[in-house]
Amino acid sequence: MATPKKKTSKARRNSRRSHNALALPKISKCAKTGMPKLSHRVCEESGFYGKTKQVFEVEERL
């Protein structure tokens, strides 16, 4: 089985792994209700995408 000729340095190893970090989801506020929502998604509270485009009607909660 093949083995490395030279030891990989910590800097080279870490720079190779620099792109492996997980990103946190981007959270923004709904323009209508002010509730937190995921960016580029429809708000579950109001049914709006952005300020003007209503995607679905929201039923009243008891």
# chains A, B, ... in the order shown; residues from 1 in each chain; ligands from 1

call {"tool": "select_by_dssp", "arguments": {"residues": "range 13-48 of chain A", "states": "strand (DSSP E)", "output": "compact mmCIF listing (two decimals) with N, CA and C atoms, in the first residue's frame"}}
result
# COMPACT_ATOMS: atom_id res chain seq x y z
N ILE A 27 -31.16 33.73 9.32
CA ILE A 27 -32.48 34.04 9.86
C ILE A 27 -32.73 35.54 9.69
N SER A 28 -33.89 35.87 9.15
CA SER A 28 -34.28 37.27 8.99
C SER A 28 -35.66 37.46 9.61
N LYS A 29 -36.14 38.70 9.59
CA LYS A 29 -37.46 38.99 10.16
C LYS A 29 -38.48 39.14 9.03
N PRO A 36 -39.23 35.82 13.33
CA PRO A 36 -38.05 35.29 12.64
C PRO A 36 -38.45 34.21 11.64
N LYS A 37 -37.75 34.22 10.48
CA LYS A 37 -38.00 33.23 9.44
C LYS A 37 -36.70 32.99 8.70
N LEU A 38 -36.62 31.89 7.97
CA LEU A 38 -35.45 31.61 7.16
C LEU A 38 -35.45 32.50 5.93
N PHE A 48 -46.55 35.37 3.52
CA PHE A 48 -45.97 36.30 2.55
C PHE A 48 -44.52 35.93 2.26

call {"tool": "closest_residue", "arguments": {"among": "A:Gly50, A:Lys10, A:Ser39, A:Thr3", "to": "Leu24 in chain A", "atoms": "only C-alpha atoms"}}
result
A:Ser39

call {"tool": "closest_residue", "arguments": {"among": "A:Cys30, A:Val42, A:Ala2, A:Met35", "to": "Phe56 in chain A", "atoms": "only C-alpha atoms"}}
result
A:Val42

call {"tool": "decode", "arguments": {"residues": "range 35-58 of chain A", "atoms": "N, CA and C atoms", "output": "PDB file, in the first residue's frame"}}
result
ATOM      1  N   MET A  35     -41.790  38.335  12.825  1.00  0.00           N
ATOM      2  CA  MET A  35     -41.363  37.051  13.381  1.00  0.00           C
ATOM      3  C   MET A  35     -40.111  36.566  12.650  1.00  0.00           C
ATOM      4  N   PRO A  36     -39.229  35.821  13.328  1.00  0.00           N
ATOM      5  CA  PRO A  36     -38.054  35.291  12.641  1.00  0.00           C
ATOM      6  C   PRO A  36     -38.447  34.215  11.636  1.00  0.00           C
ATOM      7  N   LYS A  37     -37.753  34.217  10.481  1.00  0.00           N
ATOM      8  CA  LYS A  37     -38.004  33.228   9.439  1.00  0.00           C
ATOM      9  C   LYS A  37     -36.698  32.988   8.705  1.00  0.00           C
ATOM     10  N   LEU A  38     -36.618  31.888   7.970  1.00  0.00           N
ATOM     11  CA  LEU A  38     -35.445  31.610   7.160  1.00  0.00           C
ATOM     12  C   LEU A  38     -35.452  32.503   5.926  1.00  0.00           C
ATOM     13  N   SER A  39     -34.280  32.966   5.515  1.00  0.00           N
ATOM     14  CA  SER A  39     -34.176  33.822   4.342  1.00  0.00           C
ATOM     15  C   SER A  39     -34.585  33.063   3.090  1.00  0.00           C
ATOM     16  N   HIS A  40     -35.184  33.781   2.142  1.00  0.00           N
ATOM     17  CA  HIS A  40     -35.627  33.229   0.856  1.00  0.00           C
ATOM     18  C   HIS A  40     -36.657  32.120   1.037  1.00  0.00           C
ATOM     19  N   ARG A  41     -37.445  32.196   2.094  1.00  0.00           N
ATOM     20  CA  ARG A  41     -38.526  31.243   2.339  1.00  0.00           C
ATOM     21  C   ARG A  41     -39.794  32.031   2.674  1.00  0.00           C
ATOM     22  N   VAL A  42     -40.943  31.391   2.528  1.00  0.00           N
ATOM     23  CA  VAL A  42     -42.218  32.018   2.862  1.00  0.00           C
ATOM     24  C   VAL A  42     -42.375  32.020   4.378  1.00  0.00           C
ATOM     25  N   CYS A  43     -42.892  33.118   4.925  1.00  0.00           N
ATOM     26  CA  CYS A  43     -43.152  33.213   6.363  1.00  0.00           C
ATOM     27  C   CYS A  43     -44.341  32.316   6.701  1.00  0.00           C
ATOM     28  N   GLU A  44     -44.194  31.474   7.705  1.00  0.00           N
ATOM     29  CA  GLU A  44     -45.270  30.555   8.089  1.00  0.00           C
ATOM     30  C   GLU A  44     -46.393  31.277   8.822  1.00  0.00           C
ATOM     31  N   GLU A  45     -46.102  32.408   9.450  1.00  0.00           N
ATOM     32  CA  GLU A  45     -47.117  33.141  10.205  1.00  0.00           C
ATOM     33  C   GLU A  45     -48.051  33.930   9.290  1.00  0.00           C
ATOM     34  N   SER A  46     -47.481  34.606   8.273  1.00  0.00           N
ATOM     35  CA  SER A  46     -48.295  35.486   7.432  1.00  0.00           C
ATOM     36  C   SER A  46     -48.572  34.913   6.046  1.00  0.00           C
ATOM     37  N   GLY A  47     -47.733  33.998   5.555  1.00  0.00           N
ATOM     38  CA  GLY A  47     -47.908  33.457   4.212  1.00  0.00           C
ATOM     39  C   GLY A  47     -47.317  34.339   3.133  1.00  0.00           C
ATOM     40  N   PHE A  48     -46.548  35.369   3.518  1.00  0.00           N
ATOM     41  CA  PHE A  48     -45.973  36.296   2.553  1.00  0.00           C
ATOM     42  C   PHE A  48     -44.524  35.935   2.258  1.00  0.00           C
ATOM     43  N   TYR A  49     -44.121  36.200   1.017  1.00  0.00           N
ATOM     44  CA  TYR A  49     -42.722  36.124   0.606  1.00  0.00           C
ATOM     45  C   TYR A  49     -42.307  37.551   0.279  1.00  0.00           C
ATOM     46  N   GLY A  50     -41.524  38.162   1.124  1.00  0.00           N
ATOM     47  CA  GLY A  50     -41.194  39.571   0.967  1.00  0.00           C
ATOM     48  C   GLY A  50     -42.295  40.433   1.559  1.00  0.00           C
ATOM     49  N   LYS A  51     -42.476  41.636   0.997  1.00  0.00           N
ATOM     50  CA  LYS A  51     -43.469  42.564   1.547  1.00  0.00           C
ATOM     51  C   LYS A  51     -44.812  42.471   0.845  1.00  0.00           C
ATOM     52  N   THR A  52     -44.819  42.091  -0.439  1.00  0.00           N
ATOM     53  CA  THR A  52     -46.050  42.220  -1.217  1.00  0.00           C
ATOM     54  C   THR A  52     -46.604  40.916  -1.762  1.00  0.00           C
ATOM     55  N   LYS A  53     -45.786  39.898  -1.927  1.00  0.00           N
ATOM     56  CA  LYS A  53     -46.240  38.675  -2.600  1.00  0.00           C
ATOM     57  C   LYS A  53     -46.795  37.675  -1.588  1.00  0.00           C
ATOM     58  N   GLN A  54     -48.117  37.460  -1.607  1.00  0.00           N
ATOM     59  CA  GLN A  54     -48.738  36.488  -0.714  1.00  0.00           C
ATOM     60  C   GLN A  54     -48.813  35.152  -1.444  1.00  0.00           C
ATOM     61  N   VAL A  55     -48.224  34.125  -0.852  1.00  0.00           N
ATOM     62  CA  VAL A  55     -48.130  32.819  -1.488  1.00  0.00           C
ATOM     63  C   VAL A  55     -49.311  31.946  -1.110  1.00  0.00           C
ATOM     64  N   PHE A  56     -49.739  31.987   0.154  1.00  0.00           N
ATOM     65  CA  PHE A  56     -50.891  31.189   0.580  1.00  0.00           C
ATOM     66  C   PHE A  56     -51.639  31.913   1.686  1.00  0.00           C
ATOM     67  N   GLU A  57     -52.895  31.536   1.843  1.00  0.00           N
ATOM     68  CA  GLU A  57     -53.731  32.103   2.901  1.00  0.00           C
ATOM     69  C   GLU A  57     -53.455  31.364   4.207  1.00  0.00           C
ATOM     70  N   VAL A  58     -53.398  32.086   5.304  1.00  0.00           N
ATOM     71  CA  VAL A  58     -53.151  31.492   6.615  1.00  0.00           C
ATOM     72  C   VAL A  58     -54.479  31.411   7.355  1.00  0.00           C
TER      73      VAL A  58
END
